[in-house]
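First the structure, in the form of C-alpha cells, and then the observations on it.
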Amino acid sequence: MPTAAWTRGPPHLPRRKAMTVTLADVAARARVSPATVSRVLNGNYPVAASTRERVLRAVDELDYVLNGPASSLAAATSDLVGILVNDIADPFFGIMAGAAQTEIGGQEGTGRAGGEKLAVVCNTGGSPERELTYLTLLQRQRAAAVILTGGALEDPDHIAAMTAKLNRLADAGTTVVLCGRPPLPGSDAVVASLAFDNRGGGRRLTEHLLTLGHRRIGYVAGPVERTTTRHRLEGHRAAMAAAGLGGDAAEQERLTVHGPYDRRSGYDATLELLRRDPDLTAVVAANDTVALGACAALRDQGLRIPHDISVAGFDDLPFSVDAVPALTTVRLPLFEAGARAGRLAM
C-alpha cells in the first residue's frame, strides 16, 4: 500500500500577553451602559431583543470572559484541552481524537489527577460557524490547548476569522496544534502543524493504477472547498499528466465528481462517472468510506471488482482490509499523528 508522509510545522514563537477586556469595553462596543451589559449577561432583567443581540455580538467580537473570576484569570489556563473534529463517527477523525485523548488523559489509569488534562471532543459537523463557536467557548474556558484535526476550509473570510481566533487563543496562553491539516497562513499561533502529504499520496496511488495498465480512471472527490480534497485531486491529476493522460480542463472535470466524504456520495458519484464514461477501468475515491460506496454501485451494475473495474481509496481505515476484495488504499499515520498532537498539547 502506498504511504503518505506527514510533516511538522515551525516551532511556536513567543507571543505578547493578552489584554484584559472589561465590561466597559463591551458596553462601549455595543453602545449601551455597563449596567445593560450586566443585565444581558446575568439574564435577571428584561432587555430589548435588539439590544441583547448587540451586546452578545460585542461580547463575541471582543472575546469577553463572561464571569468575574475567570476574567481575573484570563491570562491563566485550565486543565481543559479541546479536540475539534468534523465528524467523530468518521474513523479518520475518531482515530486521531482517540489517540490524542489517550496522551492528554494519561495512560496509567490510576484515577488520581496528576499531570493529566481533560480532553473534550467538539464535533463541528463540518460547519465553519461551529468551528469558530467552539474555539470561542474553549477560550472562555481558558483551555490549556486546542487541537484542530482534518482538512481546512478554503474560504478567505473563514481563514481570516480562524487566524484572528487562534491568535487570541495563543495570546491568552492556549497551545494550538493542527493535526492532519496544513499550516494556517499569516499566523504564528500554531505550535506545530502535523500535515499529511495528501498530494504525494494521491500521486502515488494513481501511479500504482497506471503501472497496472489503467488508462481511463474516474475520480470521486470530496467537497470542493476543503484543502484535503484539493491536494489529493492535484496529486491524482499530476500522475495522469505525467503519463500523458491528463487531458484538458474539460476532460479532467468530466472524469471528476465531487461530494461529501461518505458512502452515499461514493455510490452516487460512481454511477455518474459510469454514465459519463462507460469504458472506465478504475475509480479512485476520496477516502475509504467513499470507496465502499463506489464498490456497492459497481456491484449493483453487475461489474466485478477488480476483474471489470478497479477501486482505490485513501486513509487505510480499519475496515478497508475487510472489504472483499481487500481495498487498495493509501495509509495515513492517523494514530501516530493524533498521539503526537496530544503530547504537544501537554
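Chain labels run A, B, ... following the order of the C-alpha cells; each chain numbers its residues from 1, and ligands are numbered from 1 in the order shown.
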(message) Which residues are near region 293-298 of chain A? Cut-off 8 Å, only C-alpha atoms, ignore same chain within fewer than 5 positions. Put them as a PyMOL selection string.
(response) chain A and resi 262-271+283+285+303-305+311
Give me the residues near Asp25 (chain A) as a CSV table (one decimal) with N, CA and C atoms, in the first residue's frame, where near means some atom within 12 Å (using only C-alpha atoms) and where sequence neighbours in that chain fewer than 2 positions away do not count.
```csv
chain,number,residue,atom,x,y,z
A,19,MET,N,-4.4,41.3,26.4
A,19,MET,CA,-5.1,42.5,27.1
A,19,MET,C,-6.4,42.0,27.6
A,20,THR,N,-6.7,42.4,28.9
A,20,THR,CA,-7.9,42.0,29.5
A,20,THR,C,-9.1,42.9,29.0
A,21,VAL,N,-10.1,42.3,28.6
A,21,VAL,CA,-11.3,43.0,28.1
A,21,VAL,C,-12.2,43.2,29.3
A,22,THR,N,-12.7,44.5,29.4
A,22,THR,CA,-13.6,44.8,30.6
A,22,THR,C,-15.0,44.9,30.2
A,23,LEU,N,-15.9,45.0,31.2
A,23,LEU,CA,-17.3,45.2,30.9
A,23,LEU,C,-17.5,46.5,30.2
A,27,ALA,N,-19.5,47.4,26.8
A,27,ALA,CA,-20.6,48.4,26.7
A,27,ALA,C,-20.3,49.5,25.6
A,28,ALA,N,-19.0,49.9,25.5
A,28,ALA,CA,-18.7,50.9,24.5
A,28,ALA,C,-18.9,50.3,23.1
A,29,ARG,N,-18.5,49.0,22.9
A,29,ARG,CA,-18.7,48.4,21.6
A,29,ARG,C,-20.2,48.3,21.2
A,30,ALA,N,-21.0,48.0,22.2
A,30,ALA,CA,-22.4,47.7,22.0
A,30,ALA,C,-23.2,49.0,22.0
A,31,ARG,N,-22.6,50.1,22.5
A,31,ARG,CA,-23.2,51.4,22.6
A,31,ARG,C,-24.4,51.4,23.6
A,32,VAL,N,-24.1,50.8,24.7
A,32,VAL,CA,-25.0,50.7,25.8
A,32,VAL,C,-24.3,51.0,27.1
A,33,SER,N,-25.0,51.0,28.2
A,33,SER,CA,-24.3,51.3,29.5
A,33,SER,C,-23.8,50.0,30.1
A,34,PRO,N,-22.8,50.0,31.0
A,34,PRO,CA,-22.3,48.8,31.6
A,34,PRO,C,-23.4,48.0,32.3
A,37,VAL,N,-25.1,45.8,29.9
A,37,VAL,CA,-24.3,44.6,29.6
A,37,VAL,C,-24.5,43.6,30.7
A,55,VAL,N,-25.3,43.4,22.4
A,55,VAL,CA,-24.4,43.2,23.5
A,55,VAL,C,-23.7,41.8,23.3
A,58,ALA,N,-21.0,42.1,20.7
A,58,ALA,CA,-19.8,42.7,21.2
A,58,ALA,C,-19.0,41.8,22.1
A,59,VAL,N,-19.7,41.0,22.9
A,59,VAL,CA,-19.1,40.0,23.7
A,59,VAL,C,-18.2,39.0,22.9
A,61,GLU,N,-17.2,39.5,19.7
A,61,GLU,CA,-16.1,40.2,18.9
A,61,GLU,C,-14.9,40.5,19.8
A,62,LEU,N,-15.2,40.8,21.1
A,62,LEU,CA,-14.1,41.2,22.0
A,62,LEU,C,-13.6,40.0,22.8
A,63,ASP,N,-14.2,38.8,22.6
A,63,ASP,CA,-13.8,37.6,23.4
A,63,ASP,C,-13.9,37.9,24.9
A,64,TYR,N,-14.9,38.6,25.3
A,64,TYR,CA,-15.1,38.9,26.7
A,64,TYR,C,-15.4,37.6,27.6
A,65,VAL,N,-14.6,37.4,28.6
A,65,VAL,CA,-14.9,36.3,29.5
A,65,VAL,C,-16.0,36.6,30.4
```
Given only C-alpha atoms, how would the per-residue table for region 308-334 of chain A near region 273-280 of chain A read, listing every residue at most 10 Å away with its closest atom pair and distance in Å to one decimal, sorted by chain and number, as a Markdown table?
```
| residue | atom | partner | partner_atom | distance |
| --- | --- | --- | --- | --- |
| A:Asp308 | CA | A:Leu280 | CA | 9.2 |
| A:Ile309 | CA | A:Leu280 | CA | 7.2 |
| A:Ser310 | CA | A:Leu280 | CA | 9.2 |
```
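The space between CA of Ala239 (chain A) and CA of Glu207 (chain A) spans 5.9 Å.
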(message) For the structure I just gave you, how does DSSP split region 158-217 of chain A - specifically, which residues are alpha helix (DSSP H)? Reply as a VMD selection string.
(response) chain A and resid 158 to 171 198 to 211
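Running DSSP on the backbone gives strand (DSSP E or B) for these residues within region 166-299 of chain A: Thr175, Val176, Val177, Leu178, Cys179, Val190, Val191, Ala192, Ser193, Leu194, Ala195, Phe196, Ile217, Gly218, Tyr219, Val220, Ala221, Arg226, Thr256, Val257, His258, Ala282, Val283, Val284 and Ala285 of chain A.
Take CA of Leu153 (chain A) and CA of Ala291 (chain A): the distance between them is 22.6 Å.
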Long-range neighbours of Thr149 (chain A) as a PDB file with C-alpha atoms, in the first residue's frame, 9 Å cut-off, only C-alpha atoms, 5 positions minimum in chain:
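New file selection26.pdb:
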```pdb
ATOM      1  CA  ILE A  83     -10.122  18.499  20.174  1.00  0.00           C
ATOM      2  CA  LEU A  84     -12.089  19.748  17.149  1.00  0.00           C
ATOM      3  CA  VAL A  85     -13.270  17.140  14.627  1.00  0.00           C
ATOM      4  CA  ASN A  86     -15.595  17.292  11.625  1.00  0.00           C
ATOM      5  CA  PHE A  93     -11.290  11.703  12.964  1.00  0.00           C
ATOM      6  CA  MET A  96      -6.810  10.812  15.740  1.00  0.00           C
ATOM      7  CA  ALA A  97      -9.057  12.123  18.510  1.00  0.00           C
ATOM      8  CA  VAL A 177      -1.833  22.255  17.415  1.00  0.00           C
ATOM      9  CA  LEU A 178      -3.012  21.386  13.889  1.00  0.00           C
ATOM     10  CA  CYS A 179      -3.329  17.657  13.216  1.00  0.00           C
ATOM     11  CA  GLY A 180      -3.917  16.474   9.666  1.00  0.00           C
ATOM     12  CA  ARG A 181      -4.390  19.971   8.305  1.00  0.00           C
ATOM     13  CA  GLY A 338      -3.093  12.013  16.952  1.00  0.00           C
TER      14      GLY A 338
END
```
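Coordinates place CA of Leu148 (chain A) at a distance of 10.9 Å from CA of Pro183 (chain A).
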(request) Write out as number ranges by chain the residues lying within 7 Å of Gly259 (chain A), counting only C-alpha atoms and excluding same-chain residues fewer than 4 positions away. (result) A: 221-223, 265
